[in-house]
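**Q** Mind having a look at this structure? Questions to follow.
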Amino acid sequence: MKLEGTRSFEAPRQAVWEVLNDPARMAKTMPGVESFDVQDDRHWKANVKIPLGLGVLPLSIGFEKIEERPIEYARLHANGSGVGAIMSMATGFHLSEADGGGTDMRWEAEVKVAGPVGSMGQRVLQPIVNQQVQNVLAALDEQVQEAYSAG
Amino acid sequence: MSETTVTPERPITVEEREVKPGFVGTNVPRKEDARLVQGQGVFADDMRRHGMGYVHFVRSPYAHAQITGIDVSKALELEGVYGTLTGDEVAIQTDPFFELSTPPGSEIKDYALAVGKVRWMGEPVAAVVAATRELARDAAELVEVEYEPLPVLVDAEKAQDVEAPILHDDAGSNVVWSGEFDWGDFDAALAEADRVVKIDRLHFHRFSSTPLECSGCIVEYERATGQWTLFGNHQMPGVGAIWMAPALRVGIDKLRFVSHDIGGAFGNKITLHPYFVACCLLARKLRRPVQWTEWRTDQHMANTHGNERTFLDIEVPVRSDGTMLGFKVRAIDDCGAFPRYEPLGCIIWAQVTPGCYRWRHVRVDFTQVCTNKSPVAPNRGYSRMQQLWFTERLVDIVAHELELDPVEVRKRNYIRSDEMPYETPNGCVYDSGDYALCLDKALELIDYGSIEQRREEAATRGKLLGLGIGSTLDSGTNNFGQSMILNPELQFSGNNEVATVKLDLFGEIVVTLGTVPQGQGHETTASQVVADILGCTPDDVHVRPGHDSYWNSHAGFSGTYASQFAVTGIGAVKGATERLATEMRQLAAAVLGCAPDDIELAEGQARMRENPEAALPFMALGAIINANNAGLPQDLDVTLNCRYVYRPPFEKPDVERKYGNLTLTYANQVHACVIEIDGETGVYEIVDYAAVDDCGHRIHPQIVEGQVHGAMAHGLGAATHEQFPYDEDGTLLTANFYDYHVPHALDMPPLKTDYVESPSPFTNYGAKGMGEGGGAGIHAVCAAIQDALRPLGGPIVTDSCNPPNRVWELIRDPEAARAGVAVESA
C-alpha cells in the first residue's frame with residue numbers, strides 16, 4: 001500500500017534532520033521496539049512487536065539508508081520478517097523551511113506485507129498501518145522537540 | 001457428418017424379478033439426522049486419546065524461497081512442548097510420494113513437509129507438538145526459519161516462458177503434463193462450416209468448496225506391530241494409503257483408516273496424505289498419539305483449491321442455423337505448487353468432452369503447469385466443471401455473435417433422448433437423458449414466456465434484466481483406466497466398492513460400507529436397499545456410521561467422490577445383501593426341510609411361501625448359525641456374513657487414440673437464472689432461479705433435492721464472488737471468510753426445482769450418481785449477465801467469476817470485453 005503525508009515541526013530543519021538520522025531517537029518513534037542495534041551509519045536492525053489490533057506481529061527488521069541529501073532528503077528501505085509475515089517498506093522524507101520558521105516534512109512510503117498475515121489482513125491492514133503511522137509521527141514530533149529543547 | 005450411437009455390450013441391469021413396492025424411491029427418515037441435529041455426531045476433532053499432543057504446522061510466509069536454515073531449539077525449550085518435525089527429518093525417514101504423471105511431472109519430489117525449498121505461501125515447513133493446541137501454536141512461532149526468496153510464478157500462461165522461475169529443479173520445467181486430443185476431423189468441420197467463431201481467451205477461476213469441518217486426524221502408532229491408526233476425515237482412504245504406505249516404507253496393512261462423521265469433503269479431503277504422513281512420523285517419534293486439526297485460514301491458504309483453467313485460441317465451426325460442429329482449443333491448467341492428485345484433471349474433463357451437445361469434431365491441446373499457489377485437488381465437479389462451463393460459454397457466445405436465441409441453439413445442438421445411449425467422439429457413452437425436456441421444465445419454472453415483459457418492466461426501474469442457461473452433466477462412477485491415457489505405465493483401471501452385510505446373533509442386520517460417507521445419507525439409502533431385499537424395514541437395518549479399514553469393506557477405490565455412491569456403493573450393498581438373502585434361504589430351508597426356493601423373506605422372517613406358519617424369525621437364523629449350529633448339514637456353506645465387491649463394467653481405454661468409456665453414468669442438470677443489474681454500478685441480484693436435475697431413478701428423492709440445493713449454492717457462490725486470487729508476490733488475497741464469502745441462506749435466491757427421471761440402463765435401480773452439478777449455476781449466471789448487458793454494447797463474459805466490479809468493467813468498456821471475439825466466414 002502507498003502512503004504519503006505532510007507534517008510540520010516547530011524546530012529548524014537541521015534539528016529535524018538530526019533526529020531522522022539518529023537511530024537511537026528513531027528507535028523511540030517505532031511501535032513495540034524490543035531491541036535496536038546500529039550496525040553502521042547506514043544499517044540498523046530492530047526487533048519489534050507491532051500491535052495489530054487483536055494481537056501483535058513480531059518482526060525482525062533490517063533498515064538501510066539508501067540515499068541522503070543532508071537536511072533536505074533521505075530515502076530508507078526496511079525489510080522485515082516474522083512468523084507468517086514478510087514486510088518491506090520504501091520510504092522517503094523531504095524537509096523544507098516552513099513559512100514563519102519551523103520545518104515542513106513531506107513523506108511517502110510504500111509498504112508491503114506478504115505471507116499469511118498480509119493475506120488475512122488485506123482489508124484491515126490499511127487502517128492499522130495508518131494508525132501506526134500517526135503514532136510514529138507523533139513520537140517523531142516528541143523526539144524533535146526533545147532534541148531541539150536540549151539544544 | 002456421421003454419428004455413432006451404441007448399445008453397451010454388457011449392460012448392468014437389476015436381475016429380473018417381480019416388481020414390488022419397497023422403500024427404494026421413498027423419503028424414509030434419514031438415519032443420520034437424529035445424532036447430527038442433536039450435536040451427537042463424532043467428527044475428527046471430537047476424538048481424544050490419553051496423553052495425546054497437538055500438532056501445529058509452521059508455514060511458509062513466502063510463495064517461493066530456498067530454506068537456508070531451521071532452528072527449533074527455542075520451541076523445544078518451552079515447557080509442554082513434546083517435539084518437532086522438520087523437512088530434513090521427513091526427507092530421511094520417507095520417500096517422495098509417487099507421481100501419476102509421465103516426465104517431466106513424474107520427476108517432481110513431493111514430501112510431507114517442505115524439503116529445501118518452499119513453493120507456495122502456507123506450505124508446511126515444520127511441525128510442533130505440544131500439550132495443548134494453543135501451546136503448539138505459540139511454540140510454532142518460536143521456530144526460526146531462514147529463507148532466501150526466489151522469483152515467484154503466479155501466472156500459468158507464463159509458466160513456460162524462458163525467463164519463468166522453475167519451481168521443481170528435478171523436473172526442469174513447470175510443465176506437469178501435456179498432450180493433444182484429436183477426435184473426429186476438425187479440419188473437415190472447418191470446411192463444412194458457414195462461419196467460424198474465434199475467441200481469444202476464456203478463464204475459469206480458482207476457488208474451492210468449503211466443508212463445515214476442516215481437515216484433521218488423530219494418529220496413534222503401535223510400536224509392537226509397526227501399525228498406525230488414523231482417526232480422521234480422509235475421504236478416499238484407499239487412495240490415501242496407496243500414497244502413504246510407500247512413502248512411509250511400509251505395507252498398506254500398517255495403515256488403519258477410521259472415520260465416523262465427516263462434515264463435508266467435496267474432494268479437498270482426498271489429498272490429505274502429506275499432513276497425515278507428518279502426523280504418522282510425529283506419533284512414532286514422540287511415542288504418543290498426535291492430533292491435528294486444520295485452522296480455517298490454513299484450509300483456505302494451503303488445503304487444495306479447484307483447478308484454474310485458461311482456454312486460448314478457440315475456434316468454433318458453425319453453420320448459419322446455429323448447428324455447431326465442434327471446437328478447437330488450447331487449454332492451460334494451473335495445478336499450483338504440486339500435482340498431488342494431478343495430472344488426472346488433464347483427462348477427467350474428457351468424460352464430458354462435448355458437454356450436452358452433438359459435436360463430433362474436437363481438437364484440444366492441453367497443458368498443465370505448476371505455479372506458486374496452493375496445490376489443487378478434485379473439487380466438486382472436478383475438471384468436468386471447467387470443461388462444461390467452457391462448452392456452455394461456446395454456445396452463448398456463438399448465439400450472441402450470430403444473433404441467435406441461446407435457447408434455440410441449445411435445442412438444435414443438444415444430444416436427443418432418442419439417441420441415448422450416445423457415444424461421444426472420444427468413446428464415452430452417455431447412458432440416458434432428455435436435455436431438452438429438462439430445459440423446457442427449467443424455462444417453465446422461471447416463466448420464460450414473460451421474460452421480455454419483465455425486461456421492459458425492469459428497465460423502468462433502471463435495471464437491466466437478463467436470462468441465462470447452464471446445462472451440464474454430472475459424470476459419475478469413473479473408470480480409473482483413464483489415468484492410463486495420461487501415463488500408460490499406471491496400473492489403474494476400472495473401479496470398485498465394497499460392502500458387508502451380516503445377520504448377527506440376535507438377528508441384527510449389520511451393514512458396513514467402504515464409502516466413507518461425508519453427509520450424503522449413505523446409512524439411510526443403504527438401509528432402504530437392504531430392507532427391500534430382506535423383507536424388513538430400514539429401521540431394522542443397522543448401517544455402521546463412517547468407515548474403518550478393519551471392517552473388510554474396503555477396496556482400492558473406496559471412498560465417496562466422483563458422483564458414484566448410487567452406483568458403486570449401492571451396487572456393493574445390493575450384492576452383499578442378495579448374497580445374505582441367499583444364505584438365509586439356504587439356512588431356513590435346511591432347518592425347515594424344504595428347498596431354498598420355497599423360502600421367502602418377509603416381515604422379518606424366513607418362511608415357507610406355501611405355508612407362512614412355518615417361519616424362522618431373523619433372530620433365530622442368526623442364533624442358529626452363530627451359537628446353535630450342531631446338526632446342521634456339513635455341506636451347508638453359510639456364514640450369514642457376506643461381502644460383495646461391486647465392479648462396474650469397464651474396459652481399458654485405447655491409449656493411442658485416447659478413446660474409451662471413461663465413466664458409467666451421466667446425470668444432467670439444467671439451470672435457468674434471471675438477474676437484474678444496476679447499470680450504474682454493476683451490482684446485480686438473482687431474482688429468479690430454477691434447477692432441473694435428472695439423475696435417473698432417485699433412491700431417496702429428498703436426499704437428491706438436498707444435494708441439488710448444495711451444489712447450486714456452491715455454483716452460485718463461485719459465479720458471484722468466491723475466488724482465490726494471488727498478488728504478484730504469491731500472497732493469497734482471500735485467505736479467510738472476511739474476504740472469501742461463502743453464500744449462506746440469506747445470500748441464496750428463492751430456488752425452484754424440478755426433476756426428470758431418465759433411468760440409466762447400466763446400473764442397479766436405474767440410478768445415477770449425482771450432487772456435483774453446481775457448474776450449471778456458474779454458467780447460468782455468466783449467461784444472464786451477458787444477456788442483460790446486450791443493450792450496452794454487447795460485452796462478452798469471458799471469466800467464470802463475475803462479482804459486481806467485473807460487471808461494472810463490462811459496462812464501462814464493452815468494446816474491450818468484445819475485443820477477443822470474432823466471426824469469420826469459413
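So you can find residues: chains in the C-alpha cells are A, B, ... in the order shown, residues in each start at 1, and ligands are numbered from 1 in order.
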Return the neighbours of chain B among the residues of chain A, cut-off 10 Å, counting only C-alpha atoms, as number ranges by chain.
**A** A: 58, 81-86, 112-124
**Q** Give me the residues near Thr102 (chain B) as a PyMOL selection string, where near means some atom within 12 Å (using only C-alpha atoms) and where sequence neighbours in that chain fewer than 2 positions away do not count.
**A** chain B and resi 98-100+104-108+171+175-179+339+342-344+483-490
**Q** May I have the selected residues written with C-alpha atoms, as a short mmCIF file (atom, residue, chain, number, x, y, z; two decimals), in the first residue's frame?
**A**
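Result file is part33.cif:
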data_model
loop_
_atom_site.label_atom_id
_atom_site.label_comp_id
_atom_site.auth_asym_id
_atom_site.auth_seq_id
_atom_site.Cartn_x
_atom_site.Cartn_y
_atom_site.Cartn_z
CA PHE B 98 4.65 -41.24 -6.12
CA GLU B 99 3.62 -39.09 -9.05
CA LEU B 100 0.95 -40.04 -11.54
CA PRO B 104 8.55 -34.00 -16.53
CA GLY B 105 5.81 -34.14 -13.86
CA SER B 106 6.94 -37.54 -12.63
CA GLU B 107 10.31 -36.09 -11.64
CA ILE B 108 8.76 -33.82 -9.03
CA ALA B 171 11.62 -31.71 -13.29
CA VAL B 175 5.03 -28.38 -17.15
CA VAL B 176 3.46 -31.32 -15.35
CA TRP B 177 1.82 -32.96 -18.33
CA SER B 178 0.88 -32.02 -21.86
CA GLY B 179 -0.88 -33.81 -24.66
CA PRO B 339 0.46 -32.10 -8.78
CA GLU B 342 -2.92 -34.33 -10.76
CA PRO B 343 -2.46 -34.62 -13.66
CA LEU B 344 -5.74 -36.57 -13.59
CA SER B 483 -5.27 -42.46 -15.98
CA MET B 484 -3.53 -44.75 -18.49
CA ILE B 485 -4.27 -42.21 -21.22
CA LEU B 486 -2.04 -39.83 -19.28
CA ASN B 487 0.53 -42.40 -18.29
CA PRO B 488 0.33 -45.87 -19.88
CA GLU B 489 2.62 -47.21 -17.16
CA LEU B 490 -0.01 -46.70 -14.46
#
**Q** Set the distance at 10 Å and use only C-alpha atoms: which residues neighbour Pro803 (chain B) once local chain neighbours fewer than 3 positions away are removed? I'd like the list as a list of chain:residue names.
**A** B:Gly682, B:Val683, B:Tyr684, B:Gly717, B:Ala718, B:Ala719, B:Thr720, B:His721, B:Glu722, B:Gln723, B:Ser800, B:Arg806, B:Val807, B:Trp808
**Q** Can I get the selected residues back with C-alpha atoms, as an mmCIF file, in the first residue's frame?
**A**
data_model
loop_
_atom_site.group_PDB
_atom_site.id
_atom_site.type_symbol
_atom_site.label_atom_id
_atom_site.label_comp_id
_atom_site.auth_asym_id
_atom_site.auth_seq_id
_atom_site.Cartn_x
_atom_site.Cartn_y
_atom_site.Cartn_z
ATOM 1 C CA GLY B 682 -22.735 -3.344 -11.848
ATOM 2 C CA VAL B 683 -24.374 -4.602 -8.678
ATOM 3 C CA TYR B 684 -26.787 -7.368 -9.520
ATOM 4 C CA GLY B 717 -21.011 -18.689 -4.770
ATOM 5 C CA ALA B 718 -18.341 -19.443 -7.342
ATOM 6 C CA ALA B 719 -20.154 -17.478 -10.032
ATOM 7 C CA THR B 720 -20.668 -14.351 -7.996
ATOM 8 C CA HIS B 721 -17.802 -13.925 -5.543
ATOM 9 C CA GLU B 722 -15.851 -16.955 -4.334
ATOM 10 C CA GLN B 723 -12.335 -16.727 -5.731
ATOM 11 C CA SER B 800 -16.353 -17.691 -14.711
ATOM 12 C CA ARG B 806 -16.159 -7.136 -13.020
ATOM 13 C CA VAL B 807 -19.679 -6.492 -14.285
ATOM 14 C CA TRP B 808 -19.013 -2.786 -13.903
#
**Q** Contacts of Arg7 (chain A) at 10 Å or less, counting only C-alpha atoms, minus same-chain residues fewer than 6 places along, as a list in words?
**A**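 Listing them by chain and then by number gives Leu95, Thr103, Asp104, Met105, Arg106, Trp107, Leu137, Ala138 and Asp141 of chain A.
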**Q** Counting only C-alpha atoms, what is within 8 Å of region 244-250 of chain B, bar same-chain residues fewer than 5 positions away, as a PyMOL selection string?
**A** chain B and resi 93-98+255+273+277
**Q** Within 8 Å of Gln707 (chain B), counting only C-alpha atoms, which residues qualify if same-chain residues fewer than 4 places away don't, as a list in words?
**A** Gln520, Ile703, Ala711, Met770 and Gly771 of chain B
**Q** Mind writing the picked residues with N, CA and C atoms as a short mmCIF file (atom, residue, chain, number, x, y, z; two decimals), in the first residue's frame?
**A**
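Just written: out-v6.cif:
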data_model
loop_
_atom_site.label_atom_id
_atom_site.label_comp_id
_atom_site.auth_asym_id
_atom_site.auth_seq_id
_atom_site.Cartn_x
_atom_site.Cartn_y
_atom_site.Cartn_z
N GLN B 520 -23.77 -37.52 2.92
CA GLN B 520 -24.67 -37.78 1.79
C GLN B 520 -25.80 -38.75 2.13
N ILE B 703 -33.00 -36.63 -0.36
CA ILE B 703 -31.55 -36.50 -0.31
C ILE B 703 -31.05 -35.92 -1.63
N ALA B 711 -25.29 -28.11 -4.27
CA ALA B 711 -24.49 -27.88 -5.47
C ALA B 711 -24.81 -26.52 -6.07
N MET B 770 -24.87 -38.41 -8.38
CA MET B 770 -25.26 -37.01 -8.58
C MET B 770 -24.65 -36.17 -7.46
N GLY B 771 -24.95 -34.88 -7.51
CA GLY B 771 -24.51 -33.99 -6.44
C GLY B 771 -23.41 -33.04 -6.84
#
**Q** Taking into account only C-alpha atoms, which residue in the set A:Glu67, A:Leu76, A:Tyr148, A:Leu140 is nearest to Arg25 (chain A)?
**A**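 Counting only C-alpha atoms, the residue closest to Arg25 (chain A) is A:Leu140.
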**Q** Env of region 420-437 of chain B: 6 Å cut, atoms = only C-alpha atoms, seq-sep filter 6 positions within chain, self excluded. Answer as a PyMOL selection string.
**A** chain B and resi 5+183+360+659-662+665-666+758+760
**Q** Mind the document's chain letters and residue numbers, and return as a JSON list (two decimals) with C-alpha atoms, in the first residue's frame the residues of chain A that DSSP labels helix (DSSP H, G or I).
**A**
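Here's the written file states.json:
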[["chain", "number", "residue", "atom", "x", "y", "z"],
["A", 13, "ARG", "CA", 15.36, 21.80, 9.60],
["A", 14, "GLN", "CA", 18.78, 20.83, 10.99],
["A", 15, "ALA", "CA", 17.20, 19.61, 14.22],
["A", 16, "VAL", "CA", 14.65, 17.53, 12.38],
["A", 17, "TRP", "CA", 17.31, 16.13, 10.11],
["A", 18, "GLU", "CA", 19.47, 15.09, 13.03],
["A", 19, "VAL", "CA", 16.63, 13.23, 14.67],
["A", 20, "LEU", "CA", 15.76, 11.47, 11.44],
["A", 23, "PRO", "CA", 18.98, 5.61, 15.02],
["A", 24, "ALA", "CA", 18.61, 5.78, 18.79],
["A", 25, "ARG", "CA", 16.00, 8.51, 18.60],
["A", 26, "MET", "CA", 14.26, 6.89, 15.61],
["A", 27, "ALA", "CA", 14.02, 3.69, 17.60],
["A", 28, "LYS", "CA", 11.92, 5.56, 20.13],
["A", 29, "THR", "CA", 9.41, 6.51, 17.46],
["A", 115, "GLY", "CA", 2.65, -14.00, 3.84],
["A", 116, "PRO", "CA", -0.35, -15.29, 5.76],
["A", 117, "VAL", "CA", -0.65, -12.15, 7.89],
["A", 118, "GLY", "CA", -0.71, -9.98, 4.80],
["A", 119, "SER", "CA", -3.15, -12.36, 3.27],
["A", 120, "MET", "CA", -5.53, -12.24, 6.20],
["A", 125, "LEU", "CA", -4.28, -3.65, 7.37],
["A", 126, "GLN", "CA", -4.69, -0.20, 5.85],
["A", 127, "PRO", "CA", -6.38, 1.42, 8.87],
["A", 128, "ILE", "CA", -3.94, -0.30, 11.21],
["A", 129, "VAL", "CA", -0.97, 0.97, 9.22],
["A", 130, "ASN", "CA", -2.49, 4.45, 9.09],
["A", 131, "GLN", "CA", -2.89, 4.42, 12.84],
["A", 132, "GLN", "CA", 0.67, 3.27, 13.39],
["A", 133, "VAL", "CA", 1.98, 5.96, 11.06],
["A", 134, "GLN", "CA", 0.18, 8.60, 13.08],
["A", 135, "ASN", "CA", 1.74, 7.18, 16.23],
["A", 136, "VAL", "CA", 5.19, 7.26, 14.64],
["A", 137, "LEU", "CA", 4.75, 10.87, 13.52],
["A", 138, "ALA", "CA", 3.54, 11.95, 16.94],
["A", 139, "ALA", "CA", 6.53, 10.24, 18.54],
["A", 140, "LEU", "CA", 8.82, 11.84, 16.00],
["A", 141, "ASP", "CA", 7.42, 15.25, 16.94],
["A", 142, "GLU", "CA", 8.20, 14.50, 20.58],
["A", 143, "GLN", "CA", 11.74, 13.46, 19.72],
["A", 144, "VAL", "CA", 12.30, 16.58, 17.64],
["A", 145, "GLN", "CA", 11.04, 18.80, 20.43],
["A", 146, "GLU", "CA", 13.13, 16.97, 22.98],
["A", 147, "ALA", "CA", 16.27, 17.20, 20.86],
["A", 148, "TYR", "CA", 15.66, 20.86, 19.97],
["A", 149, "SER", "CA", 14.99, 21.81, 23.58],
["A", 150, "ALA", "CA", 18.11, 20.01, 24.68]]
**Q** One decimal, Å: what's the distance from CA of His714 (chain B) over to CA of Gln387 (chain B), could you say?
**A**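 Going from CA of His714 (chain B) over to CA of Gln387 (chain B), I get 17.0 Å.
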**Q** As a ChimeraX atom specification, please: every residue in region 441-664 of chain B that DSSP puts in strand (DSSP E).
**A** /B:463-478,497-503,509-513,541-543,547-548,599-602,605-608,615-617,641-646,663-664
**Q** Can you measure CA of Arg609 (chain B) to CA of Tyr765 (chain B) for me? One decimal in Å is fine.
**A** 25.6 Å
**Q** Kindly indicate which residue among A:Glu68, A:Met1, A:Val33, A:Ser8 lies nearest to Ala98 (chain A), using only C-alpha atoms for the distances.
**A** A:Ser8
